[in-house]
file final21.pdb (PDB, C-alpha atoms, pLDDT in the B column)
ATOM      1  CA  MET A   6      72.403 -13.458 102.525  1.00 44.00           C
ATOM      2  CA  PRO A   7      73.991 -15.495  99.662  1.00 43.00           C
ATOM      3  CA  ALA A   8      77.181 -16.126 101.620  1.00 42.00           C
ATOM      4  CA  THR A   9      75.215 -17.515 104.548  1.00 43.00           C
ATOM      5  CA  ARG A  10      73.148 -19.811 102.318  1.00 45.00           C
ATOM      6  CA  THR A  11      76.291 -21.115 100.617  1.00 45.00           C
ATOM      7  CA  GLY A  12      77.915 -21.850 103.973  1.00 48.00           C
ATOM      8  CA  ARG A  13      74.861 -23.743 105.180  1.00 47.00           C
ATOM      9  CA  CYS A  14      74.675 -25.797 101.984  1.00 44.00           C
ATOM     10  CA  ALA A  15      78.331 -26.679 102.224  1.00 44.00           C
ATOM     11  CA  ARG A  16      78.086 -28.018 105.760  1.00 47.00           C
ATOM     12  CA  PRO A  17      76.569 -31.439 104.853  1.00 44.00           C
ATOM     13  CA  ALA A  18      79.241 -31.989 102.194  1.00 41.00           C
ATOM     14  CA  VAL A  19      82.021 -31.057 104.619  1.00 39.00           C
ATOM     15  CA  LEU A  20      80.524 -33.322 107.283  1.00 41.00           C
ATOM     16  CA  ALA A  21      80.251 -36.233 104.827  1.00 40.00           C
ATOM     17  CA  ALA A  22      83.854 -35.774 103.726  1.00 39.00           C
ATOM     18  CA  SER A  23      85.011 -35.662 107.345  1.00 42.00           C
ATOM     19  CA  CYS A  24      83.114 -38.868 108.165  1.00 42.00           C
ATOM     20  CA  ALA A  25      84.600 -40.620 105.129  1.00 39.00           C
ATOM     21  CA  LEU A  26      88.119 -39.566 106.146  1.00 38.00           C
ATOM     22  CA  PHE A  27      87.517 -40.760 109.703  1.00 42.00           C
ATOM     23  CA  ALA A  28      86.256 -44.119 108.418  1.00 40.00           C
ATOM     24  CA  LEU A  29      89.360 -44.590 106.289  1.00 35.00           C
ATOM     25  CA  GLN A  30      91.587 -43.783 109.254  1.00 40.00           C
ATOM     26  CA  CYS A  31      89.813 -46.460 111.299  1.00 41.00           C
ATOM     27  CA  LEU A  32      90.716 -49.213 108.831  1.00 38.00           C
ATOM     28  CA  PRO A  33      93.676 -51.323 110.047  1.00 38.00           C
ATOM     29  CA  ARG A  34      97.051 -50.509 108.564  1.00 39.00           C
ATOM     30  CA  PRO A  35      99.360 -53.313 107.445  1.00 37.00           C
ATOM     31  CA  ALA A  36     101.925 -54.293 110.041  1.00 40.00           C
ATOM     32  CA  ALA A  37     105.558 -53.841 109.109  1.00 43.00           C
ATOM     33  CA  GLY A  38     107.150 -56.886 107.535  1.00 48.00           C
ATOM     34  CA  HIS A  39     103.915 -58.552 106.465  1.00 69.00           C
ATOM     35  CA  GLU A  40     101.982 -57.945 103.285  1.00 90.00           C
ATOM     36  CA  ILE A  41      98.467 -59.310 103.440  1.00 95.00           C
ATOM     37  CA  ALA A  42      96.502 -59.406 100.206  1.00 97.00           C
ATOM     38  CA  ILE A  43      92.780 -58.820 100.730  1.00 96.00           C
ATOM     39  CA  GLU A  44      90.095 -59.305  98.094  1.00 97.00           C
ATOM     40  CA  ILE A  45      86.367 -58.778  98.647  1.00 95.00           C
ATOM     41  CA  ALA A  46      83.580 -58.714  96.087  1.00 93.00           C
ATOM     42  CA  ARG A  47      79.837 -59.086  95.755  1.00 89.00           C
ATOM     43  CA  GLU A  48      78.538 -62.065  93.794  1.00 89.00           C
ATOM     44  CA  GLY A  49      74.781 -61.634  93.748  1.00 86.00           C
ATOM     45  CA  GLU A  50      73.607 -61.918  97.349  1.00 88.00           C
ATOM     46  CA  PHE A  51      76.934 -63.467  98.376  1.00 92.00           C
ATOM     47  CA  VAL A  52      79.997 -61.603  99.589  1.00 92.00           C
ATOM     48  CA  SER A  53      83.190 -63.409  98.557  1.00 95.00           C
ATOM     49  CA  VAL A  54      86.444 -62.847 100.418  1.00 96.00           C
ATOM     50  CA  LYS A  55      90.061 -63.922 100.119  1.00 98.00           C
ATOM     51  CA  ALA A  56      93.134 -63.199 102.218  1.00 98.00           C
ATOM     52  CA  SER A  57      96.674 -64.467 101.793  1.00 98.00           C
ATOM     53  CA  THR A  58     100.216 -63.890 102.961  1.00 97.00           C
ATOM     54  CA  GLU A  59     103.601 -65.607 102.945  1.00 96.00           C
ATOM     55  CA  LEU A  60     105.419 -66.432 106.146  1.00 94.00           C
ATOM     56  CA  GLN A  61     108.283 -68.486 107.489  1.00 93.00           C
ATOM     57  CA  ALA A  62     106.922 -70.960 109.997  1.00 95.00           C
ATOM     58  CA  ASN A  63     106.711 -74.669 110.605  1.00 95.00           C
ATOM     59  CA  PRO A  64     103.619 -75.985 108.746  1.00 96.00           C
ATOM     60  CA  ARG A  65     102.916 -78.329 111.648  1.00 96.00           C
ATOM     61  CA  ILE A  66     102.622 -75.385 114.032  1.00 97.00           C
ATOM     62  CA  ALA A  67     100.482 -73.462 111.553  1.00 98.00           C
ATOM     63  CA  TRP A  68      98.129 -76.444 111.389  1.00 98.00           C
ATOM     64  CA  GLU A  69      97.965 -76.612 115.191  1.00 98.00           C
ATOM     65  CA  VAL A  70      96.960 -72.938 115.376  1.00 98.00           C
ATOM     66  CA  LEU A  71      94.330 -73.202 112.641  1.00 98.00           C
ATOM     67  CA  THR A  72      92.703 -76.181 114.359  1.00 98.00           C
ATOM     68  CA  ASP A  73      92.907 -74.819 117.920  1.00 98.00           C
ATOM     69  CA  TYR A  74      89.165 -74.104 117.901  1.00 98.00           C
ATOM     70  CA  ASP A  75      88.722 -74.037 121.683  1.00 98.00           C
ATOM     71  CA  HIS A  76      91.259 -71.217 122.086  1.00 98.00           C
ATOM     72  CA  LEU A  77      90.561 -69.007 119.057  1.00 98.00           C
ATOM     73  CA  ALA A  78      88.858 -66.384 121.249  1.00 97.00           C
ATOM     74  CA  GLU A  79      92.156 -65.873 123.080  1.00 98.00           C
ATOM     75  CA  PHE A  80      93.919 -64.434 120.038  1.00 97.00           C
ATOM     76  CA  ILE A  81      91.344 -63.673 117.317  1.00 96.00           C
ATOM     77  CA  PRO A  82      89.659 -60.251 117.700  1.00 93.00           C
ATOM     78  CA  ASP A  83      85.862 -59.978 117.642  1.00 91.00           C
ATOM     79  CA  ILE A  84      85.441 -63.639 118.673  1.00 95.00           C
ATOM     80  CA  ARG A  85      84.061 -63.818 122.222  1.00 95.00           C
ATOM     81  CA  SER A  86      83.904 -67.600 122.468  1.00 97.00           C
ATOM     82  CA  SER A  87      84.774 -70.645 120.376  1.00 98.00           C
ATOM     83  CA  ARG A  88      84.260 -74.255 121.417  1.00 98.00           C
ATOM     84  CA  VAL A  89      84.119 -77.731 119.964  1.00 98.00           C
ATOM     85  CA  LEU A  90      80.653 -79.237 120.357  1.00 98.00           C
ATOM     86  CA  ARG A  91      81.454 -82.579 118.788  1.00 97.00           C
ATOM     87  CA  ARG A  92      84.343 -84.343 117.107  1.00 97.00           C
ATOM     88  CA  ASN A  93      84.055 -87.619 115.201  1.00 94.00           C
ATOM     89  CA  SER A  94      85.227 -89.361 112.031  1.00 91.00           C
ATOM     90  CA  GLU A  95      83.064 -87.060 109.899  1.00 90.00           C
ATOM     91  CA  GLY A  96      84.615 -83.851 111.201  1.00 96.00           C
ATOM     92  CA  VAL A  97      84.297 -81.232 113.921  1.00 98.00           C
ATOM     93  CA  LEU A  98      81.270 -79.206 115.000  1.00 98.00           C
ATOM     94  CA  VAL A  99      82.363 -75.773 116.274  1.00 98.00           C
ATOM     95  CA  GLU A 100      80.249 -73.063 117.886  1.00 98.00           C
ATOM     96  CA  GLN A 101      81.483 -69.469 117.736  1.00 97.00           C
ATOM     97  CA  LYS A 102      80.106 -66.223 119.143  1.00 96.00           C
ATOM     98  CA  GLY A 103      81.410 -62.790 118.217  1.00 93.00           C
ATOM     99  CA  GLU A 104      80.503 -59.618 116.380  1.00 86.00           C
ATOM    100  CA  PHE A 105      80.905 -57.523 113.277  1.00 72.00           C
ATOM    101  CA  SER A 106      81.906 -53.988 114.223  1.00 66.00           C
ATOM    102  CA  PHE A 107      82.761 -50.756 112.429  1.00 60.00           C
ATOM    103  CA  LEU A 108      82.644 -47.258 113.916  1.00 57.00           C
ATOM    104  CA  PHE A 109      79.311 -47.153 115.799  1.00 62.00           C
ATOM    105  CA  PHE A 110      77.904 -50.312 114.177  1.00 65.00           C
ATOM    106  CA  ARG A 111      77.853 -53.479 116.289  1.00 76.00           C
ATOM    107  CA  GLN A 112      76.232 -56.751 115.242  1.00 80.00           C
ATOM    108  CA  PRO A 113      76.446 -59.778 117.557  1.00 88.00           C
ATOM    109  CA  ILE A 114      76.904 -63.037 115.650  1.00 91.00           C
ATOM    110  CA  GLU A 115      76.495 -66.680 116.573  1.00 95.00           C
ATOM    111  CA  VAL A 116      77.325 -69.462 114.142  1.00 95.00           C
ATOM    112  CA  THR A 117      77.771 -73.218 114.324  1.00 98.00           C
ATOM    113  CA  MET A 118      80.116 -74.666 111.715  1.00 98.00           C
ATOM    114  CA  ALA A 119      80.745 -78.150 110.400  1.00 98.00           C
ATOM    115  CA  VAL A 120      84.503 -78.339 109.890  1.00 98.00           C
ATOM    116  CA  SER A 121      86.250 -80.864 107.665  1.00 98.00           C
ATOM    117  CA  GLU A 122      89.993 -81.265 108.223  1.00 98.00           C
ATOM    118  CA  HIS A 123      92.351 -82.474 105.496  1.00 97.00           C
ATOM    119  CA  PRO A 124      95.752 -82.527 107.227  1.00 96.00           C
ATOM    120  CA  PRO A 125      98.218 -81.134 106.852  1.00 94.00           C
ATOM    121  CA  ARG A 126      97.122 -78.599 104.246  1.00 96.00           C
ATOM    122  CA  ARG A 127      93.405 -77.769 104.142  1.00 98.00           C
ATOM    123  CA  ILE A 128      90.457 -76.990 106.425  1.00 98.00           C
ATOM    124  CA  VAL A 129      86.930 -76.462 105.083  1.00 98.00           C
ATOM    125  CA  ALA A 130      84.028 -75.067 107.119  1.00 98.00           C
ATOM    126  CA  ARG A 131      80.362 -74.370 106.419  1.00 98.00           C
ATOM    127  CA  ALA A 132      77.668 -72.868 108.609  1.00 97.00           C
ATOM    128  CA  VAL A 133      74.946 -75.281 109.715  1.00 97.00           C
ATOM    129  CA  ALA A 134      73.181 -72.997 112.214  1.00 96.00           C
ATOM    130  CA  GLY A 135      73.264 -69.410 113.428  1.00 94.00           C
ATOM    131  CA  ASP A 136      73.049 -65.882 112.070  1.00 91.00           C
ATOM    132  CA  MET A 137      74.331 -66.548 108.553  1.00 92.00           C
ATOM    133  CA  LYS A 138      71.926 -67.496 105.767  1.00 93.00           C
ATOM    134  CA  ASP A 139      74.844 -69.212 104.069  1.00 95.00           C
ATOM    135  CA  MET A 140      78.555 -69.351 104.794  1.00 96.00           C
ATOM    136  CA  GLU A 141      81.486 -71.472 103.716  1.00 98.00           C
ATOM    137  CA  GLY A 142      85.215 -70.951 103.909  1.00 97.00           C
ATOM    138  CA  SER A 143      88.579 -72.670 103.848  1.00 98.00           C
ATOM    139  CA  TYR A 144      92.155 -72.275 105.030  1.00 98.00           C
ATOM    140  CA  GLU A 145      94.989 -73.659 102.917  1.00 98.00           C
ATOM    141  CA  LEU A 146      98.685 -74.027 103.643  1.00 98.00           C
ATOM    142  CA  GLN A 147     100.682 -73.873 100.414  1.00 96.00           C
ATOM    143  CA  ALA A 148     104.408 -74.221  99.767  1.00 92.00           C
ATOM    144  CA  SER A 149     106.103 -71.024  98.567  1.00 90.00           C
ATOM    145  CA  GLU A 150     109.568 -69.575  98.013  1.00 86.00           C
ATOM    146  CA  ALA A 151     109.303 -67.732 101.330  1.00 82.00           C
ATOM    147  CA  GLY A 152     108.497 -70.992 103.080  1.00 89.00           C
ATOM    148  CA  MET A 153     104.731 -71.147 103.349  1.00 95.00           C
ATOM    149  CA  LYS A 154     101.685 -69.326 102.037  1.00 97.00           C
ATOM    150  CA  LEU A 155      98.521 -69.100 104.126  1.00 98.00           C
ATOM    151  CA  VAL A 156      95.323 -68.570 102.140  1.00 98.00           C
ATOM    152  CA  TYR A 157      91.793 -68.028 103.405  1.00 98.00           C
ATOM    153  CA  SER A 158      88.862 -67.910 101.000  1.00 98.00           C
ATOM    154  CA  GLY A 159      85.156 -67.865 101.674  1.00 97.00           C
ATOM    155  CA  ARG A 160      81.709 -66.564 100.792  1.00 96.00           C
ATOM    156  CA  PHE A 161      78.684 -65.789 102.883  1.00 94.00           C
ATOM    157  CA  VAL A 162      75.220 -64.245 103.025  1.00 92.00           C
ATOM    158  CA  PRO A 163      74.510 -62.475 106.341  1.00 87.00           C
ATOM    159  CA  GLY A 164      71.204 -63.247 108.007  1.00 84.00           C
ATOM    160  CA  PHE A 165      70.986 -59.757 109.489  1.00 79.00           C
ATOM    161  CA  PHE A 166      70.834 -56.180 108.244  1.00 76.00           C
ATOM    162  CA  VAL A 167      74.132 -54.509 107.388  1.00 73.00           C
ATOM    163  CA  PRO A 168      74.078 -50.779 106.490  1.00 69.00           C
ATOM    164  CA  PRO A 169      74.796 -50.655 102.724  1.00 71.00           C
ATOM    165  CA  LEU A 170      77.362 -47.832 102.823  1.00 69.00           C
ATOM    166  CA  ILE A 171      79.586 -49.511 105.409  1.00 71.00           C
ATOM    167  CA  GLY A 172      78.898 -53.181 104.638  1.00 79.00           C
ATOM    168  CA  MET A 173      82.035 -53.845 102.598  1.00 85.00           C
ATOM    169  CA  PRO A 174      84.346 -51.839 104.907  1.00 84.00           C
ATOM    170  CA  ILE A 175      83.010 -53.942 107.803  1.00 83.00           C
ATOM    171  CA  VAL A 176      83.853 -57.145 105.924  1.00 87.00           C
ATOM    172  CA  ARG A 177      87.330 -55.918 104.957  1.00 90.00           C
ATOM    173  CA  ARG A 178      88.138 -54.751 108.479  1.00 88.00           C
ATOM    174  CA  SER A 179      86.912 -57.964 110.090  1.00 89.00           C
ATOM    175  CA  LEU A 180      88.720 -60.201 107.590  1.00 92.00           C
ATOM    176  CA  GLU A 181      92.042 -58.386 107.879  1.00 94.00           C
ATOM    177  CA  ARG A 182      91.948 -58.164 111.681  1.00 93.00           C
ATOM    178  CA  ARG A 183      91.190 -61.859 112.104  1.00 95.00           C
ATOM    179  CA  PHE A 184      93.567 -63.070 109.413  1.00 97.00           C
ATOM    180  CA  ARG A 185      96.425 -60.926 110.708  1.00 96.00           C
ATOM    181  CA  ALA A 186      95.826 -62.185 114.245  1.00 97.00           C
ATOM    182  CA  MET A 187      95.958 -65.777 113.000  1.00 98.00           C
ATOM    183  CA  VAL A 188      99.291 -65.098 111.261  1.00 97.00           C
ATOM    184  CA  GLN A 189     100.717 -63.430 114.366  1.00 97.00           C
ATOM    185  CA  GLU A 190      99.723 -66.379 116.562  1.00 98.00           C
ATOM    186  CA  ILE A 191     101.340 -68.826 114.135  1.00 97.00           C
ATOM    187  CA  GLU A 192     104.561 -66.807 114.239  1.00 96.00           C
ATOM    188  CA  ARG A 193     104.437 -66.461 118.029  1.00 97.00           C
ATOM    189  CA  ARG A 194     104.096 -70.202 118.600  1.00 97.00           C
ATOM    190  CA  ASP A 195     106.690 -70.953 115.946  1.00 96.00           C
ATOM    191  CA  ALA A 196     109.180 -68.622 117.658  1.00 95.00           C
ATOM    192  CA  LEU A 197     108.522 -70.280 121.022  1.00 95.00           C
ATOM    193  CA  ALA A 198     109.091 -73.711 119.511  1.00 94.00           C
ATOM    194  CA  ARG A 199     112.436 -72.604 118.072  1.00 90.00           C
ATOM    195  CA  ILE A 200     113.824 -71.433 121.424  1.00 89.00           C
ATOM    196  CA  LYS A 201     112.593 -74.373 123.499  1.00 73.00           C
ATOM    197  CA  PRO A 202     115.543 -76.552 124.569  1.00 65.00           C
ATOM    198  CA  ARG A 203     115.543 -80.026 123.121  1.00 60.00           C
ATOM    199  CA  PRO A 204     115.337 -82.879 125.658  1.00 59.00           C
TER     200      PRO A 204
END

call {"tool": "encode", "arguments": {"input": "final21.pdb", "output": "structure tokens"}}
result
Amino acid sequence: MPATRTGRCARPAVLAASCALFALQCLPRPAAGHEIAIEIAREGEFVSVKASTELQANPRIAWEVLTDYDHLAEFIPDIRSSRVLRRNSEGVLVEQKGEFSFLFFRQPIEVTMAVSEHPPRRIVARAVAGDMKDMEGSYELQASEAGMKLVYSGRFVPGFFVPPLIGMPIVRRSLERRFRAMVQEIERRDALARIKPRP
């Protein structure tokens, strides 16, 4: 019957719409009191990303958090382990293991990064081994009217298959989760430092 055929044809569209709505609901919502600007774009085979926010914290403490490579897995989601392999006058070699995840998609990732520190304002990292064909990124601490602006920018080419329809949502979700966690750790340590009694 026509009505039955119409109902059957409509089911895939309804299912697709439901899946899209569910995916949107799974994206992280901004926490109250903090606006994080997220930008992602494709540039040929590269994916470029940028995240920034303003916060009131001691820049020295922010720098300590950003460079606490051996403990990043304790407060950054999706990072299972992070450790310094070598540190010398040329920089720091850091190995990280984690994953990209979105809905039912899980991709384990291992990457070794050469990190160049330019205290007290800038950190630059590039992948030298691991699951990324190419990757580079930087953190910057900038002065602002609110006190301080934290900016992350980077670009990468994954060395593994990412489903096309969910590739960019995966990147956005991962970037926002990790960046927000970094901001929260900076604020947590800054608050602890403020209440510690002076000797």

call {"tool": "resolve_selection", "arguments": {"input": "final21.pdb", "expression": "the PyMOL selection byres ((chain A and resi 56-67) around 7)", "output": "PyMOL selection string"}}
result
chain A and resi 40-44+54-55+68-71+151-158+191-192+195

call {"tool": "closest_atom_pairs", "arguments": {"input": "final21.pdb", "of": "range 104-133 of chain A", "to": "range 160-167 of chain A", "cutoff": "10 Å", "atoms": "only C-alpha atoms", "output": "CSV"}}
result
residue,atom,partner,partner_atom,distance
A:Phe105,CA,A:Val167,CA,9.5
A:Phe110,CA,A:Val167,CA,8.8
A:Arg111,CA,A:Val167,CA,9.7
A:Gln112,CA,A:Phe165,CA,8.3
A:Pro113,CA,A:Phe165,CA,9.7
A:Ile114,CA,A:Phe165,CA,9.2
A:Arg131,CA,A:Phe161,CA,9.4
A:Ala132,CA,A:Phe161,CA,9.2

call {"tool": "atom_distance", "arguments": {"input": "final21.pdb", "atom1": "CA of Tyr144 in chain A", "atom2": "CA of Arg127 in chain A"}}
result
5.7 Å

call {"tool": "closest_residue", "arguments": {"input": "final21.pdb", "among": "A:Ala148, A:Ile81, A:Ala134, A:Leu197", "to": "Leu180 in chain A", "atoms": "all atoms listed in the file"}}
result
A:Ile81

call {"tool": "closest_residue", "arguments": {"input": "final21.pdb", "among": "A:Leu146, A:Met173, A:Met187, A:Met118", "to": "Val133 in chain A", "atoms": "only C-alpha atoms"}}
result
A:Met118

call {"tool": "atom_distance", "arguments": {"input": "final21.pdb", "atom1": "CA of Val120 in chain A", "atom2": "CA of Arg85 in chain A"}}
result
19.1 Å

call {"tool": "resolve_selection", "arguments": {"input": "final21.pdb", "expression": "the PyMOL selection byres ((chain A and resi 186) around 12)", "output": "list of chain:residue names"}}
result
A:Pro33, A:Pro35, A:Ala36, A:His39, A:Ile41, A:Val70, A:Leu71, A:Leu77, A:Ala78, A:Glu79, A:Phe80, A:Ile81, A:Pro82, A:Asp83, A:Ile84, A:Ser179, A:Leu180, A:Glu181, A:Arg182, A:Arg183, A:Phe184, A:Arg185, A:Met187, A:Val188, A:Gln189, A:Glu190, A:Ile191, A:Glu192, A:Arg193

call {"tool": "write_last_selection", "arguments": {"input": "final21.pdb", "atoms": "C-alpha atoms", "output": "short mmCIF file (atom, residue, chain, number, x, y, z; two decimals), keeping the file's coordinate frame"}}
result
data_model
loop_
_atom_site.label_atom_id
_atom_site.label_comp_id
_atom_site.auth_asym_id
_atom_site.auth_seq_id
_atom_site.Cartn_x
_atom_site.Cartn_y
_atom_site.Cartn_z
CA PRO A 33 93.68 -51.32 110.05
CA PRO A 35 99.36 -53.31 107.44
CA ALA A 36 101.92 -54.29 110.04
CA HIS A 39 103.92 -58.55 106.46
CA ILE A 41 98.47 -59.31 103.44
CA VAL A 70 96.96 -72.94 115.38
CA LEU A 71 94.33 -73.20 112.64
CA LEU A 77 90.56 -69.01 119.06
CA ALA A 78 88.86 -66.38 121.25
CA GLU A 79 92.16 -65.87 123.08
CA PHE A 80 93.92 -64.43 120.04
CA ILE A 81 91.34 -63.67 117.32
CA PRO A 82 89.66 -60.25 117.70
CA ASP A 83 85.86 -59.98 117.64
CA ILE A 84 85.44 -63.64 118.67
CA SER A 179 86.91 -57.96 110.09
CA LEU A 180 88.72 -60.20 107.59
CA GLU A 181 92.04 -58.39 107.88
CA ARG A 182 91.95 -58.16 111.68
CA ARG A 183 91.19 -61.86 112.10
CA PHE A 184 93.57 -63.07 109.41
CA ARG A 185 96.42 -60.93 110.71
CA MET A 187 95.96 -65.78 113.00
CA VAL A 188 99.29 -65.10 111.26
CA GLN A 189 100.72 -63.43 114.37
CA GLU A 190 99.72 -66.38 116.56
CA ILE A 191 101.34 -68.83 114.14
CA GLU A 192 104.56 -66.81 114.24
CA ARG A 193 104.44 -66.46 118.03
#

call {"tool": "decode", "arguments": {"input": "final21.pdb", "residues": "range 171-196 of chain A", "atoms": "N, CA and C atoms", "output": "mmCIF file, in the first residue's frame"}}
result
data_model
loop_
_atom_site.group_PDB
_atom_site.id
_atom_site.type_symbol
_atom_site.label_atom_id
_atom_site.label_comp_id
_atom_site.auth_asym_id
_atom_site.auth_seq_id
_atom_site.Cartn_x
_atom_site.Cartn_y
_atom_site.Cartn_z
ATOM 1 N N ILE A 171 32.428 12.190 10.373
ATOM 2 C CA ILE A 171 32.606 12.564 11.778
ATOM 3 C C ILE A 171 34.014 13.066 12.071
ATOM 4 N N GLY A 172 34.843 13.211 11.032
ATOM 5 C CA GLY A 172 36.225 13.636 11.240
ATOM 6 C C GLY A 172 36.344 14.974 11.942
ATOM 7 N N MET A 173 35.653 15.994 11.433
ATOM 8 C CA MET A 173 35.762 17.324 12.034
ATOM 9 C C MET A 173 35.114 17.400 13.417
ATOM 10 N N PRO A 174 33.941 16.747 13.638
ATOM 11 C CA PRO A 174 33.418 16.717 15.007
ATOM 12 C C PRO A 174 34.373 16.056 15.996
ATOM 13 N N ILE A 175 35.107 15.022 15.552
ATOM 14 C CA ILE A 175 36.090 14.386 16.429
ATOM 15 C C ILE A 175 37.166 15.392 16.824
ATOM 16 N N VAL A 176 37.664 16.134 15.836
ATOM 17 C CA VAL A 176 38.717 17.121 16.094
ATOM 18 C C VAL A 176 38.210 18.197 17.045
ATOM 19 N N ARG A 177 37.015 18.724 16.778
ATOM 20 C CA ARG A 177 36.460 19.777 17.638
ATOM 21 C C ARG A 177 36.274 19.274 19.068
ATOM 22 N N ARG A 178 35.714 18.100 19.213
ATOM 23 C CA ARG A 178 35.465 17.553 20.550
ATOM 24 C C ARG A 178 36.774 17.351 21.304
ATOM 25 N N SER A 179 37.754 16.753 20.633
ATOM 26 C CA SER A 179 39.037 16.489 21.280
ATOM 27 C C SER A 179 39.736 17.786 21.675
ATOM 28 N N LEU A 180 39.748 18.761 20.763
ATOM 29 C CA LEU A 180 40.407 20.036 21.039
ATOM 30 C C LEU A 180 39.758 20.748 22.213
ATOM 31 N N GLU A 181 38.430 20.823 22.218
ATOM 32 C CA GLU A 181 37.757 21.557 23.293
ATOM 33 C C GLU A 181 37.921 20.857 24.638
ATOM 34 N N ARG A 182 37.793 19.531 24.651
ATOM 35 C CA ARG A 182 37.947 18.795 25.908
ATOM 36 C C ARG A 182 39.341 19.007 26.505
ATOM 37 N N ARG A 183 40.355 18.888 25.676
ATOM 38 C CA ARG A 183 41.728 18.997 26.177
ATOM 39 C C ARG A 183 42.072 20.433 26.571
ATOM 40 N N PHE A 184 41.638 21.379 25.758
ATOM 41 C CA PHE A 184 41.939 22.780 26.057
ATOM 42 C C PHE A 184 41.226 23.217 27.330
ATOM 43 N N ARG A 185 39.955 22.827 27.465
ATOM 44 C CA ARG A 185 39.207 23.203 28.664
ATOM 45 C C ARG A 185 39.838 22.578 29.914
ATOM 46 N N ALA A 186 40.288 21.344 29.800
ATOM 47 C CA ALA A 186 40.927 20.689 30.939
ATOM 48 C C ALA A 186 42.219 21.400 31.328
ATOM 49 N N MET A 187 42.963 21.874 30.336
ATOM 50 C CA MET A 187 44.191 22.615 30.619
ATOM 51 C C MET A 187 43.866 23.905 31.373
ATOM 52 N N VAL A 188 42.838 24.621 30.928
ATOM 53 C CA VAL A 188 42.421 25.860 31.585
ATOM 54 C C VAL A 188 41.988 25.585 33.026
ATOM 55 N N GLN A 189 41.209 24.530 33.215
ATOM 56 C CA GLN A 189 40.730 24.202 34.559
ATOM 57 C C GLN A 189 41.877 23.843 35.501
ATOM 58 N N GLU A 190 42.901 23.162 34.987
ATOM 59 C CA GLU A 190 44.042 22.815 35.831
ATOM 60 C C GLU A 190 44.852 24.063 36.198
ATOM 61 N N ILE A 191 44.989 24.977 35.238
ATOM 62 C CA ILE A 191 45.675 26.241 35.539
ATOM 63 C C ILE A 191 44.941 26.979 36.657
ATOM 64 N N GLU A 192 43.623 27.056 36.555
ATOM 65 C CA GLU A 192 42.840 27.768 37.564
ATOM 66 C C GLU A 192 42.887 27.051 38.914
ATOM 67 N N ARG A 193 42.872 25.717 38.881
ATOM 68 C CA ARG A 193 42.920 24.960 40.134
ATOM 69 C C ARG A 193 44.235 25.219 40.875
ATOM 70 N N ARG A 194 45.342 25.134 40.155
ATOM 71 C CA ARG A 194 46.640 25.351 40.802
ATOM 72 C C ARG A 194 46.816 26.805 41.227
ATOM 73 N N ASP A 195 46.262 27.714 40.436
ATOM 74 C CA ASP A 195 46.354 29.127 40.796
ATOM 75 C C ASP A 195 45.578 29.403 42.083
ATOM 76 N N ALA A 196 44.394 28.785 42.213
ATOM 77 C CA ALA A 196 43.591 28.965 43.423
ATOM 78 C C ALA A 196 44.304 28.388 44.642
#
